[in-house]
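The file protein-v7.txt contains compact mmCIF, C-alpha atoms:
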# COMPACT_ATOMS: atom_id res chain seq x y z
CA ASN I 29 22.23 19.74 45.34
CA THR I 30 18.67 18.38 44.98
CA CYS I 31 18.01 20.72 42.03
CA GLN I 32 20.57 19.03 39.77
CA THR I 33 19.27 18.56 36.21
CA SER I 34 19.26 15.13 34.64
CA ALA I 35 21.96 16.36 32.24
CA GLN I 36 24.23 17.22 35.20
CA LYS I 37 23.78 13.71 36.61
CA MET I 38 24.73 12.00 33.33
CA SER I 39 28.21 10.85 32.53
CA PRO I 40 29.93 12.89 29.80
CA ALA I 41 29.94 9.81 27.51
CA LEU I 42 26.20 9.24 27.84
CA LEU I 43 25.48 12.95 27.36
CA LEU I 44 27.62 12.98 24.21
CA LEU I 45 25.79 9.91 22.90
CA LEU I 46 22.38 11.49 23.48
CA LEU I 47 23.46 14.71 21.76
CA LEU I 48 24.77 12.68 18.82
CA LEU I 49 21.46 10.81 18.53
CA LEU I 50 19.54 14.07 18.70
CA SER I 51 21.63 15.72 15.98
CA THR I 52 21.26 12.62 13.79
CA ALA I 53 17.49 12.70 14.26
CA ILE I 54 17.31 16.38 13.36
CA ALA I 55 19.38 15.81 10.23
CA ALA I 56 17.20 12.85 9.21
CA ALA I 57 14.04 14.89 9.67
CA VAL I 58 14.71 16.80 6.48
CA ALA I 59 12.78 15.22 3.61
CA THR I 60 15.06 12.95 1.60
CA GLN I 61 15.80 13.77 -2.02
CA LEU I 62 14.58 10.66 -3.82
CA ARG I 63 16.23 9.64 -7.08
CA PRO I 64 16.56 6.71 -9.48
CA GLY I 65 19.68 4.58 -9.07
CA TYR I 66 20.03 5.52 -5.40
CA TYR I 67 21.71 2.20 -4.59
CA SER I 68 23.81 1.95 -7.75
CA GLU I 69 27.05 2.19 -5.76
CA THR I 70 26.09 0.94 -2.28
CA CYS I 71 23.95 -2.04 -3.37
CA PRO I 72 24.00 -2.31 -7.18
CA GLU I 73 22.05 -5.59 -7.27
CA ALA I 74 19.21 -4.30 -5.05
CA GLU I 75 16.53 -4.03 -7.73
CA VAL I 76 17.45 -7.40 -9.27
CA ILE I 77 17.25 -9.07 -5.85
CA VAL I 78 13.83 -7.57 -5.16
CA ARG I 79 12.43 -8.68 -8.51
CA ASP I 80 13.80 -12.22 -8.15
CA VAL I 81 12.15 -12.67 -4.74
CA ILE I 82 8.82 -11.26 -6.00
CA LYS I 83 8.96 -13.58 -9.01
CA THR I 84 9.56 -16.60 -6.75
CA ALA I 85 6.72 -15.55 -4.42
CA MET I 86 4.34 -15.27 -7.39
CA ILE I 87 5.22 -18.76 -8.59
CA ARG I 88 4.43 -20.02 -5.10
CA GLU I 89 1.19 -18.03 -4.89
CA PRO I 90 0.04 -15.86 -7.83
CA ARG I 91 -2.20 -13.76 -5.57
CA SER I 92 0.86 -12.43 -3.74
CA ALA I 93 1.47 -9.98 -6.61
CA ALA I 94 -1.72 -8.06 -5.84
CA SER I 95 -1.09 -8.30 -2.10
CA VAL I 96 2.42 -6.87 -2.40
CA MET I 97 1.29 -4.06 -4.69
CA ARG I 98 -1.42 -2.97 -2.23
CA LEU I 99 1.22 -2.45 0.46
CA GLN I 100 2.44 0.71 -1.29
CA PHE I 101 -1.03 2.28 -1.15
CA HIS I 102 -1.63 1.42 2.50
CA ASP I 103 1.87 2.55 3.51
CA CYS I 104 2.19 5.77 1.51
CA PHE I 105 -1.29 7.12 2.25
CA VAL I 106 -0.62 7.08 6.01
CA ASN I 107 2.07 9.65 6.84
CA GLY I 108 4.14 8.98 3.73
CA CYS I 109 6.08 6.05 2.28
CA ASP I 110 8.08 5.06 5.35
CA ALA I 111 7.29 1.35 5.95
CA SER I 112 5.35 2.26 9.11
CA LEU I 113 2.81 -0.27 7.83
CA LEU I 114 5.27 -3.12 8.38
CA LEU I 115 5.90 -2.50 12.09
CA ASP I 116 4.41 -5.08 14.46
CA ASP I 117 2.59 -3.86 17.56
CA THR I 118 4.62 -3.39 20.74
CA PRO I 119 3.53 -2.85 24.35
CA ASN I 120 3.95 0.90 23.73
CA MET I 121 2.65 1.19 20.18
CA LEU I 122 -0.44 0.12 18.24
CA GLY I 123 0.74 -0.22 14.66
CA GLU I 124 -1.18 -0.16 11.40
CA LYS I 125 -1.50 -3.88 10.65
CA LEU I 126 -4.66 -4.21 12.73
CA SER I 127 -6.30 -0.99 11.54
CA LEU I 128 -9.80 -1.21 10.06
CA SER I 129 -8.66 -1.22 6.44
CA ASN I 130 -5.78 -3.65 7.00
CA ILE I 131 -6.90 -6.33 9.46
CA ASN I 132 -7.86 -9.59 7.73
CA SER I 133 -7.21 -7.80 4.45
CA LEU I 134 -3.55 -6.95 3.86
CA ARG I 135 -1.27 -9.93 3.45
CA SER I 136 2.11 -11.08 2.06
CA TYR I 137 4.13 -9.27 4.72
CA GLU I 138 6.33 -12.37 4.72
CA VAL I 139 7.30 -11.66 1.09
CA ILE I 140 8.76 -8.33 2.16
CA ASP I 141 10.58 -10.17 4.96
CA GLU I 142 12.09 -12.52 2.36
CA VAL I 143 13.23 -9.58 0.22
CA LYS I 144 14.80 -7.89 3.24
CA GLU I 145 16.60 -11.08 4.25
CA GLU I 146 18.20 -11.41 0.80
CA LEU I 147 19.17 -7.73 0.70
CA GLU I 148 20.74 -7.93 4.16
CA LYS I 149 22.89 -10.82 2.94
CA ALA I 150 24.04 -8.85 -0.09
CA CYS I 151 24.46 -5.40 1.45
CA PRO I 152 23.58 -5.23 5.15
CA GLY I 153 22.10 -2.02 6.54
CA ILE I 154 21.78 -0.30 3.17
CA VAL I 155 18.31 -0.73 1.64
CA SER I 156 15.30 0.58 3.53
CA CYS I 157 12.07 -1.37 3.97
CA ALA I 158 10.23 1.68 2.61
CA ASP I 159 12.15 1.40 -0.66
CA ILE I 160 11.52 -2.36 -0.75
CA ILE I 161 7.77 -1.70 -0.75
CA ILE I 162 8.13 0.73 -3.68
CA MET I 163 10.30 -1.64 -5.73
CA ALA I 164 8.15 -4.67 -4.92
CA ALA I 165 4.93 -2.88 -5.95
CA ARG I 166 6.47 -1.90 -9.28
CA ASP I 167 7.69 -5.46 -9.86
CA ALA I 168 4.32 -6.98 -8.96
CA VAL I 169 2.70 -4.86 -11.69
CA ALA I 170 5.38 -5.53 -14.30
CA LEU I 171 5.46 -9.29 -13.65
CA THR I 172 1.69 -9.61 -14.15
CA GLY I 173 1.69 -7.97 -17.57
CA GLY I 174 1.46 -4.32 -16.53
CA PRO I 175 3.83 -1.42 -17.17
CA ASN I 176 7.40 -1.25 -15.91
CA TRP I 177 8.90 2.02 -14.70
CA GLU I 178 11.95 3.54 -13.07
CA VAL I 179 11.43 4.07 -9.33
CA LYS I 180 12.92 6.84 -7.22
CA LEU I 181 14.62 5.55 -4.07
CA GLY I 182 16.35 6.81 -0.93
CA ARG I 183 13.58 6.63 1.69
CA LYS I 184 14.13 6.03 5.39
CA ASP I 185 12.06 3.73 7.59
CA SER I 186 9.85 5.28 10.25
CA LEU I 187 10.53 4.90 13.96
CA THR I 188 6.87 4.44 14.83
CA ALA I 189 3.41 3.68 13.40
CA SER I 190 -0.15 4.71 14.22
CA GLN I 191 -3.25 2.54 14.02
CA GLU I 192 -5.36 5.64 14.68
CA ASP I 193 -3.87 7.52 11.73
CA SER I 194 -4.52 4.56 9.45
CA ASP I 195 -8.13 4.30 10.65
CA ASN I 196 -8.66 8.00 10.04
CA ILE I 197 -7.13 8.08 6.55
CA MET I 198 -7.68 4.83 4.66
CA PRO I 199 -10.96 4.52 2.75
CA SER I 200 -13.53 1.78 3.32
CA PRO I 201 -14.64 -0.71 0.61
CA ARG I 202 -18.00 1.04 1.02
CA ALA I 203 -16.55 4.44 0.09
CA ASN I 204 -18.28 6.37 -2.67
CA ALA I 205 -16.60 8.38 -5.41
CA SER I 206 -17.14 11.72 -3.65
CA SER I 207 -15.30 10.64 -0.50
CA LEU I 208 -12.51 9.11 -2.59
CA ILE I 209 -12.15 12.32 -4.61
CA ASP I 210 -11.92 14.31 -1.35
CA LEU I 211 -9.26 11.95 0.06
CA PHE I 212 -7.15 12.08 -3.07
CA HIS I 213 -7.49 15.87 -3.24
CA LYS I 214 -6.07 16.16 0.29
CA LEU I 215 -3.09 14.13 -0.91
CA ASN I 216 -2.64 16.38 -3.97
CA LEU I 217 -3.78 13.60 -6.28
CA SER I 218 -6.18 14.37 -9.14
CA ILE I 219 -9.41 12.68 -10.20
CA LYS I 220 -7.45 11.09 -13.04
CA ASP I 221 -4.94 9.74 -10.48
CA LEU I 222 -7.82 8.34 -8.44
CA VAL I 223 -9.32 6.42 -11.35
CA ALA I 224 -5.95 5.23 -12.67
CA LEU I 225 -4.69 4.07 -9.26
CA SER I 226 -7.98 2.30 -8.60
CA GLY I 227 -6.86 0.18 -11.54
CA SER I 228 -4.60 -1.58 -9.06
CA HIS I 229 -7.72 -3.74 -8.58
CA SER I 230 -6.98 -5.15 -12.02
CA ILE I 231 -5.31 -7.98 -10.11
CA GLY I 232 -6.25 -9.72 -6.90
CA LYS I 233 -9.24 -10.80 -4.88
CA GLY I 234 -11.60 -9.30 -2.28
CA ARG I 235 -13.49 -10.81 0.65
CA CYS I 236 -17.24 -11.35 0.76
CA PHE I 237 -17.14 -9.25 3.94
CA SER I 238 -16.47 -6.21 1.74
CA ILE I 239 -19.58 -6.61 -0.40
CA MET I 240 -22.32 -8.07 1.84
CA PHE I 241 -23.99 -4.67 2.20
CA ARG I 242 -23.75 -4.24 -1.58
CA LEU I 243 -25.53 -7.50 -2.23
CA TYR I 244 -28.22 -7.36 0.43
CA ASN I 245 -28.59 -3.87 1.92
CA GLN I 246 -27.18 -1.14 -0.31
CA SER I 247 -27.56 2.26 1.39
CA GLY I 248 -29.89 0.71 3.99
CA THR I 249 -32.54 -0.19 1.39
CA GLY I 250 -32.60 -3.92 2.09
CA GLN I 251 -31.93 -4.33 -1.64
CA PRO I 252 -28.82 -5.03 -3.76
CA ASP I 253 -26.87 -2.31 -5.49
CA PRO I 254 -28.85 -1.63 -8.70
CA ALA I 255 -25.56 -0.92 -10.52
CA ILE I 256 -24.62 -4.63 -10.36
CA GLU I 257 -25.32 -6.42 -13.64
CA PRO I 258 -28.01 -9.10 -12.91
CA ASN I 259 -26.04 -12.17 -14.05
CA TYR I 260 -23.00 -11.00 -12.14
CA ARG I 261 -25.15 -10.42 -9.05
CA GLU I 262 -26.41 -14.04 -9.25
CA LYS I 263 -22.79 -15.20 -9.33
CA LEU I 264 -21.93 -13.06 -6.30
CA ASP I 265 -25.04 -14.26 -4.43
CA LYS I 266 -23.81 -17.85 -4.78
CA LEU I 267 -20.27 -16.92 -3.78
CA CYS I 268 -21.33 -14.75 -0.84
CA PRO I 269 -24.71 -15.96 0.50
CA LEU I 270 -26.31 -14.11 3.38
CA GLY I 271 -25.10 -15.78 6.58
CA GLY I 272 -22.22 -17.48 4.73
CA ASP I 273 -18.46 -17.33 5.32
CA GLU I 274 -17.50 -13.71 4.79
CA ASN I 275 -13.81 -14.59 4.42
CA VAL I 276 -14.45 -16.33 1.09
CA THR I 277 -12.78 -14.38 -1.71
CA GLY I 278 -13.91 -13.34 -5.18
CA ASP I 279 -12.01 -11.99 -8.18
CA LEU I 280 -11.83 -8.19 -8.40
CA ASP I 281 -12.21 -8.40 -12.17
CA ALA I 282 -12.43 -11.08 -14.88
CA THR I 283 -8.62 -11.40 -15.23
CA PRO I 284 -7.41 -11.36 -11.59
CA GLU I 285 -3.86 -12.54 -12.35
CA ILE I 286 -3.23 -10.21 -15.33
CA PHE I 287 -2.64 -6.48 -14.96
CA ASP I 288 -4.68 -5.01 -17.79
CA ASN I 289 -7.64 -2.70 -18.44
CA GLN I 290 -10.25 -5.47 -18.06
CA TYR I 291 -11.13 -3.92 -14.69
CA PHE I 292 -12.44 -0.80 -16.45
CA LYS I 293 -14.29 -2.83 -19.09
CA ASP I 294 -15.99 -4.77 -16.28
CA MET I 295 -16.85 -1.54 -14.48
CA VAL I 296 -18.65 -0.19 -17.55
CA ARG I 297 -20.68 -3.43 -17.60
CA GLY I 298 -21.48 -3.36 -13.85
CA ARG I 299 -19.31 -6.38 -13.14
CA VAL I 300 -16.69 -5.25 -10.62
CA PHE I 301 -16.55 -6.65 -7.11
CA LEU I 302 -16.21 -3.64 -4.81
CA ASN I 303 -18.65 -0.79 -4.29
CA SER I 304 -15.75 1.69 -4.17
CA ASP I 305 -14.86 0.54 -7.71
CA GLN I 306 -18.33 0.55 -9.27
CA THR I 307 -19.01 4.01 -7.84
CA LEU I 308 -16.30 5.38 -10.14
CA PHE I 309 -18.55 4.64 -13.10
CA SER I 310 -21.70 5.82 -11.35
CA CYS I 311 -20.14 9.24 -10.64
CA LEU I 312 -20.08 11.76 -13.47
CA LYS I 313 -16.75 13.26 -12.33
CA THR I 314 -14.91 9.95 -12.73
CA ARG I 315 -16.93 8.18 -15.44
CA ASN I 316 -15.10 9.75 -18.38
CA PHE I 317 -11.73 8.41 -17.20
CA VAL I 318 -13.25 4.96 -16.65
CA ARG I 319 -14.54 4.94 -20.25
CA ARG I 320 -11.21 6.18 -21.63
CA PHE I 321 -9.18 3.58 -19.75
CA SER I 322 -11.62 0.82 -20.75
CA ILE I 323 -10.96 1.63 -24.42
CA ASN I 324 -7.26 2.50 -24.28
CA GLN I 325 -5.02 0.29 -22.15
CA SER I 326 -1.87 2.29 -22.99
CA GLU I 327 -3.49 5.46 -21.65
CA PHE I 328 -4.40 3.62 -18.45
CA PHE I 329 -0.86 2.25 -18.03
CA LYS I 330 0.67 5.71 -18.52
CA ALA I 331 -1.71 7.31 -15.98
CA PHE I 332 -1.18 4.48 -13.52
CA VAL I 333 2.61 4.90 -13.59
CA GLU I 334 2.26 8.67 -13.12
CA GLY I 335 0.02 8.09 -10.11
CA MET I 336 2.33 5.50 -8.54
CA ILE I 337 5.31 7.85 -8.88
CA LYS I 338 3.37 10.74 -7.31
CA MET I 339 2.26 8.50 -4.45
CA GLY I 340 5.82 7.25 -3.98
CA ASP I 341 6.93 10.84 -3.37
CA PHE I 342 4.84 11.16 -0.18
CA GLN I 343 7.15 11.78 2.78
CA SER I 344 6.49 12.63 6.41
CA GLY I 345 9.74 14.55 6.95
CA LEU I 346 10.13 12.77 10.31
CA PRO I 347 13.34 11.10 11.52
CA GLY I 348 14.04 7.66 10.09
CA GLU I 349 16.51 4.82 9.87
CA ILE I 350 17.36 1.74 7.80
CA ARG I 351 15.71 -1.11 9.70
CA ARG I 352 17.52 -4.44 9.96
CA ASN I 353 14.16 -6.17 10.37
CA CYS I 354 11.16 -4.58 8.65
CA ARG I 355 8.86 -5.60 11.52
CA GLU I 356 10.66 -3.66 14.25
CA VAL I 357 12.74 -0.54 14.77
CA ASN I 358 16.43 -1.06 15.39
CA SER I 359 17.64 -1.24 18.99
CA ARG I 360 19.07 2.18 19.67
CA PRO I 361 22.11 2.78 21.92
CA VAL I 362 20.07 4.84 24.35
CA ASP I 363 17.49 2.00 24.60
CA ILE I 364 20.20 -0.50 25.42
CA LEU I 365 21.63 1.79 28.12
CA LEU I 366 18.19 2.30 29.66
CA GLU I 367 17.53 -1.45 29.70
CA ALA I 368 20.87 -2.24 31.35

Spell out the structure here as structure tokens.
Amino acid sequence: NTCQTSAQKMSPALLLLLLLLLSTAIAAAVATQLRPGYYSETCPEAEVIVRDVIKTAMIREPRSAASVMRLQFHDCFVNGCDASLLLDDTPNMLGEKLSLSNINSLRSYEVIDEVKEELEKACPGIVSCADIIIMAARDAVALTGGPNWEVKLGRKDSLTASQEDSDNIMPSPRANASSLIDLFHKLNLSIKDLVALSGSHSIGKGRCFSIMFRLYNQSGTGQPDPAIEPNYREKLDKLCPLGGDENVTGDLDATPEIFDNQYFKDMVRGRVFLNSDQTLFSCLKTRNFVRRFSINQSEFFKAFVEGMIKMGDFQSGLPGEIRRNCREVNSRPVDILLEA
């Protein structure tokens, strides 16, 4: 019979396997109920292991704290907190690592690999890469002098990633406050969340590439951004000369290895590195929160934690898994059968 369906041609065992995979995928598609202590029985040392690896990475390279923390933003903003960011490209998939906001910018993926390796030794197949990102971001903040908080866990890792989605969603270093407010609104995050979460730039560095327009051609004027304090602009001109190496890095605020409210104090004085940061003080809708956080560090810390928890709740509702290697999806039984 030339009209046989593919299901009729399959062996009963293969058909059963495919149906099992399909039912598993459908079940996994329901948004997971996240909660603190998710691994208390299945991997009780998970959070201790994560913090120990992050601490070691910071001793090796202090900048890794900021790099690890940024991973949560760039992962969660694009289709939820599902570690899609960590997937390497394949012949059939362009992932997010080479998207416009991530290429030559995001780093310290190897730190997440180290965390995963230690967790797989302690409790194989239990802790998701998506949860590792959330725990590692929290630890990076706490270990640099910032607040500590209880994280909700139980996420699954995505089965795919999308460079296009990342390009369409993630903001540019040139973004102004209005576009940032619009983006955060779409994600059900408030103006207060926007300003508080921008405080993640309290630690870390940025590339000259991100501010060349700010120094030499703000808004196509051929002039520097007038919001930059003159002495600070002279410092940036020396660090990032026109025609110089745009991969040179500068501090995002005056205390780049300490998570504090110095970032907001610098913003009030016109001494922050990125245009997308300074614009928060230039804009009337965000300026009040900048002033409040510059005066009251405790208020900033509280708002930052609230924002990180809200962001950590973003989920796609798509099927997921617990990856064995954060850089690639697990080999699935149906894939192995098709390759054979």

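Ranking I:Leu211, I:Leu302, I:Cys354, I:Met97 by their shortest atom-to-atom distance to I:Ala158, with all atoms listed in the file included, puts I:Cys354 first.
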
Of the residues I:Ser68, I:Ser156, I:Ser133, I:Gln100, which is the one nearest to I:Val169, using all atoms listed in the file?
-> I:Gln100

Suppose you want the space between atom CA of I:Pro175 and atom CA of I:Val333; what is it in Å?
->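 These atoms are spaced 7.4 Å apart.
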
Would you list the residues near (-9.0, 14.7, -13.7), meaning any protein, DNA or RNA residue with an atom at most 9 Å from that point in file coordinates, counting only C-alpha atoms, as number ranges by chain?
-> I: 218-223, 313-314, 317

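The smallest atom-to-atom distance between I:Tyr67 and any of I:Asp159, I:Glu124, I:Asp117, I:Glu356, using all atoms listed in the file, is found for I:Asp159.
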
Taking the point (-4.2, 1.5, -3.0) as given in the file, collect each protein or nucleic acid residue that comes within 10 Å of it, counting all atoms listed in the file, and present the set as a list of chain:residue names.
-> I:Met97, I:Arg98, I:Leu99, I:Gln100, I:Phe101, I:His102, I:Asp103, I:Cys104, I:Phe105, I:Met198, I:Pro199, I:Leu222, I:Leu225, I:Ser226, I:Gly227, I:Ser228, I:His229, I:Met336, I:Met339

Pick out the residues sitting within 8 Å of stretch 294-296 of chain I, and hand them over as an NGL selection string; count all atoms listed in the file, and ignore anything fewer than 5 positions along from it in its own chain.
-> :I and (281-282 or 305-306 or 309 or 318-319 or 322)

May I have the residues within 9 Å of I:Ile154 as a ChimeraX atom specification, using only C-alpha atoms and disregarding those fewer than 4 positions away in the same chain?
-> /I:67,70-71,147-148,350-351

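A straight line drawn from atom CA of I:Gly153 to atom CA of I:Arg88 is 27.8 Å long.
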
Can you list, as a list in words, every protein, DNA or RNA residue that comes within 8 Å of stretch 270-276 of chain I when you count all atoms listed in the file, leaving out same-chain residues fewer than 3 positions away?
-> Arg235, Cys236, Phe237, Met240, Tyr244, Asp265 and Leu267 of chain I

Min atom-atom distance to I:Glu178 from the set I:Gly345, I:Gly65, I:Pro152, I:Pro201, counting all atoms listed in the file, belongs to I:Gly65

Would you mind listing what lies within 9 Å of I:Val357 as an mmCIF file with C-alpha atoms, in the frame of the given file, with all atoms listed in the file counted and same-chain residues fewer than 4 positions away left out?
data_model
loop_
_atom_site.group_PDB
_atom_site.id
_atom_site.type_symbol
_atom_site.label_atom_id
_atom_site.label_comp_id
_atom_site.auth_asym_id
_atom_site.auth_seq_id
_atom_site.Cartn_x
_atom_site.Cartn_y
_atom_site.Cartn_z
ATOM 1 C CA LEU I 115 5.900 -2.500 12.090
ATOM 2 C CA ASP I 185 12.060 3.730 7.590
ATOM 3 C CA SER I 186 9.850 5.280 10.250
ATOM 4 C CA LEU I 187 10.530 4.900 13.960
ATOM 5 C CA THR I 188 6.870 4.440 14.830
ATOM 6 C CA GLU I 349 16.510 4.820 9.870
ATOM 7 C CA ILE I 350 17.360 1.740 7.800
ATOM 8 C CA ARG I 351 15.710 -1.110 9.700
ATOM 9 C CA ARG I 352 17.520 -4.440 9.960
ATOM 10 C CA ASN I 353 14.160 -6.170 10.370
#

Distance criterion (all atoms listed in the file): nearest to I:Ser200 out of I:Ser127, I:Asn216, I:Ser230, I:Asn289 =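 Looking only at the distances to I:Ser200, the closest residue turns out to be I:Ser127.
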
Rebuild all heavy atoms on stretch 84-93 of chain I, as a PDB file, in the frame of the given file?
ATOM      1  N   THR I  84       9.654 -15.312  -7.448  1.00  0.00           N
ATOM      2  CA  THR I  84       9.560 -16.600  -6.750  1.00  0.00           C
ATOM      3  C   THR I  84       8.274 -16.675  -5.920  1.00  0.00           C
ATOM      4  O   THR I  84       7.586 -17.704  -5.902  1.00  0.00           O
ATOM      5  CB  THR I  84      10.780 -16.797  -5.823  1.00  0.00           C
ATOM      6  OG1 THR I  84      11.973 -16.751  -6.619  1.00  0.00           O
ATOM      7  CG2 THR I  84      10.707 -18.130  -5.096  1.00  0.00           C
ATOM      8  N   ALA I  85       7.936 -15.585  -5.242  1.00  0.00           N
ATOM      9  CA  ALA I  85       6.720 -15.550  -4.420  1.00  0.00           C
ATOM     10  C   ALA I  85       5.478 -15.728  -5.297  1.00  0.00           C
ATOM     11  O   ALA I  85       4.511 -16.402  -4.902  1.00  0.00           O
ATOM     12  CB  ALA I  85       6.643 -14.232  -3.661  1.00  0.00           C
ATOM     13  N   MET I  86       5.484 -15.147  -6.495  1.00  0.00           N
ATOM     14  CA  MET I  86       4.340 -15.270  -7.390  1.00  0.00           C
ATOM     15  C   MET I  86       4.186 -16.678  -7.936  1.00  0.00           C
ATOM     16  O   MET I  86       3.066 -17.147  -8.152  1.00  0.00           O
ATOM     17  CB  MET I  86       4.480 -14.270  -8.549  1.00  0.00           C
ATOM     18  CG  MET I  86       4.221 -12.833  -8.150  1.00  0.00           C
ATOM     19  SD  MET I  86       4.608 -11.700  -9.513  1.00  0.00           S
ATOM     20  CE  MET I  86       3.605 -12.366 -10.839  1.00  0.00           C
ATOM     21  N   ILE I  87       5.287 -17.359  -8.153  1.00  0.00           N
ATOM     22  CA  ILE I  87       5.220 -18.760  -8.590  1.00  0.00           C
ATOM     23  C   ILE I  87       4.583 -19.609  -7.482  1.00  0.00           C
ATOM     24  O   ILE I  87       3.750 -20.481  -7.729  1.00  0.00           O
ATOM     25  CB  ILE I  87       6.627 -19.286  -8.948  1.00  0.00           C
ATOM     26  CG1 ILE I  87       7.149 -18.565 -10.205  1.00  0.00           C
ATOM     27  CG2 ILE I  87       6.615 -20.804  -9.149  1.00  0.00           C
ATOM     28  CD1 ILE I  87       8.608 -18.803 -10.493  1.00  0.00           C
ATOM     29  N   ARG I  88       4.971 -19.298  -6.268  1.00  0.00           N
ATOM     30  CA  ARG I  88       4.430 -20.020  -5.100  1.00  0.00           C
ATOM     31  C   ARG I  88       2.953 -19.708  -4.898  1.00  0.00           C
ATOM     32  O   ARG I  88       2.155 -20.586  -4.601  1.00  0.00           O
ATOM     33  CB  ARG I  88       5.247 -19.608  -3.871  1.00  0.00           C
ATOM     34  CG  ARG I  88       4.941 -20.377  -2.603  1.00  0.00           C
ATOM     35  CD  ARG I  88       5.960 -20.016  -1.529  1.00  0.00           C
ATOM     36  NE  ARG I  88       5.859 -18.615  -1.116  1.00  0.00           N
ATOM     37  CZ  ARG I  88       6.907 -17.816  -0.965  1.00  0.00           C
ATOM     38  NH1 ARG I  88       8.125 -18.255  -1.194  1.00  0.00           N
ATOM     39  NH2 ARG I  88       6.734 -16.566  -0.579  1.00  0.00           N
ATOM     40  N   GLU I  89       2.577 -18.451  -5.068  1.00  0.00           N
ATOM     41  CA  GLU I  89       1.190 -18.030  -4.890  1.00  0.00           C
ATOM     42  C   GLU I  89       0.931 -16.803  -5.771  1.00  0.00           C
ATOM     43  O   GLU I  89       1.324 -15.687  -5.420  1.00  0.00           O
ATOM     44  CB  GLU I  89       0.898 -17.684  -3.427  1.00  0.00           C
ATOM     45  CG  GLU I  89      -0.570 -17.387  -3.193  1.00  0.00           C
ATOM     46  CD  GLU I  89      -0.841 -16.587  -1.922  1.00  0.00           C
ATOM     47  OE1 GLU I  89       0.107 -15.995  -1.371  1.00  0.00           O
ATOM     48  OE2 GLU I  89      -2.008 -16.551  -1.511  1.00  0.00           O
ATOM     49  N   PRO I  90       0.261 -16.991  -6.909  1.00  0.00           N
ATOM     50  CA  PRO I  90       0.040 -15.860  -7.830  1.00  0.00           C
ATOM     51  C   PRO I  90      -0.622 -14.652  -7.180  1.00  0.00           C
ATOM     52  O   PRO I  90      -0.333 -13.512  -7.548  1.00  0.00           O
ATOM     53  CB  PRO I  90      -0.868 -16.481  -8.908  1.00  0.00           C
ATOM     54  CG  PRO I  90      -0.522 -17.940  -8.903  1.00  0.00           C
ATOM     55  CD  PRO I  90      -0.225 -18.266  -7.462  1.00  0.00           C
ATOM     56  N   ARG I  91      -1.477 -14.875  -6.196  1.00  0.00           N
ATOM     57  CA  ARG I  91      -2.200 -13.760  -5.570  1.00  0.00           C
ATOM     58  C   ARG I  91      -1.257 -12.807  -4.830  1.00  0.00           C
ATOM     59  O   ARG I  91      -1.614 -11.655  -4.561  1.00  0.00           O
ATOM     60  CB  ARG I  91      -3.240 -14.325  -4.592  1.00  0.00           C
ATOM     61  CG  ARG I  91      -4.179 -13.265  -4.036  1.00  0.00           C
ATOM     62  CD  ARG I  91      -5.125 -13.851  -3.000  1.00  0.00           C
ATOM     63  NE  ARG I  91      -5.858 -12.806  -2.298  1.00  0.00           N
ATOM     64  CZ  ARG I  91      -6.536 -12.992  -1.179  1.00  0.00           C
ATOM     65  NH1 ARG I  91      -6.590 -14.199  -0.629  1.00  0.00           N
ATOM     66  NH2 ARG I  91      -7.158 -11.996  -0.594  1.00  0.00           N
ATOM     67  N   SER I  92      -0.058 -13.279  -4.506  1.00  0.00           N
ATOM     68  CA  SER I  92       0.860 -12.430  -3.740  1.00  0.00           C
ATOM     69  C   SER I  92       1.241 -11.162  -4.507  1.00  0.00           C
ATOM     70  O   SER I  92       1.589 -10.149  -3.899  1.00  0.00           O
ATOM     71  CB  SER I  92       2.129 -13.201  -3.350  1.00  0.00           C
ATOM     72  OG  SER I  92       2.888 -13.547  -4.502  1.00  0.00           O
ATOM     73  N   ALA I  93       1.145 -11.181  -5.831  1.00  0.00           N
ATOM     74  CA  ALA I  93       1.470  -9.980  -6.610  1.00  0.00           C
ATOM     75  C   ALA I  93       0.549  -8.830  -6.223  1.00  0.00           C
ATOM     76  O   ALA I  93       0.998  -7.714  -5.937  1.00  0.00           O
ATOM     77  CB  ALA I  93       1.359 -10.270  -8.104  1.00  0.00           C
TER      78      ALA I  93
END
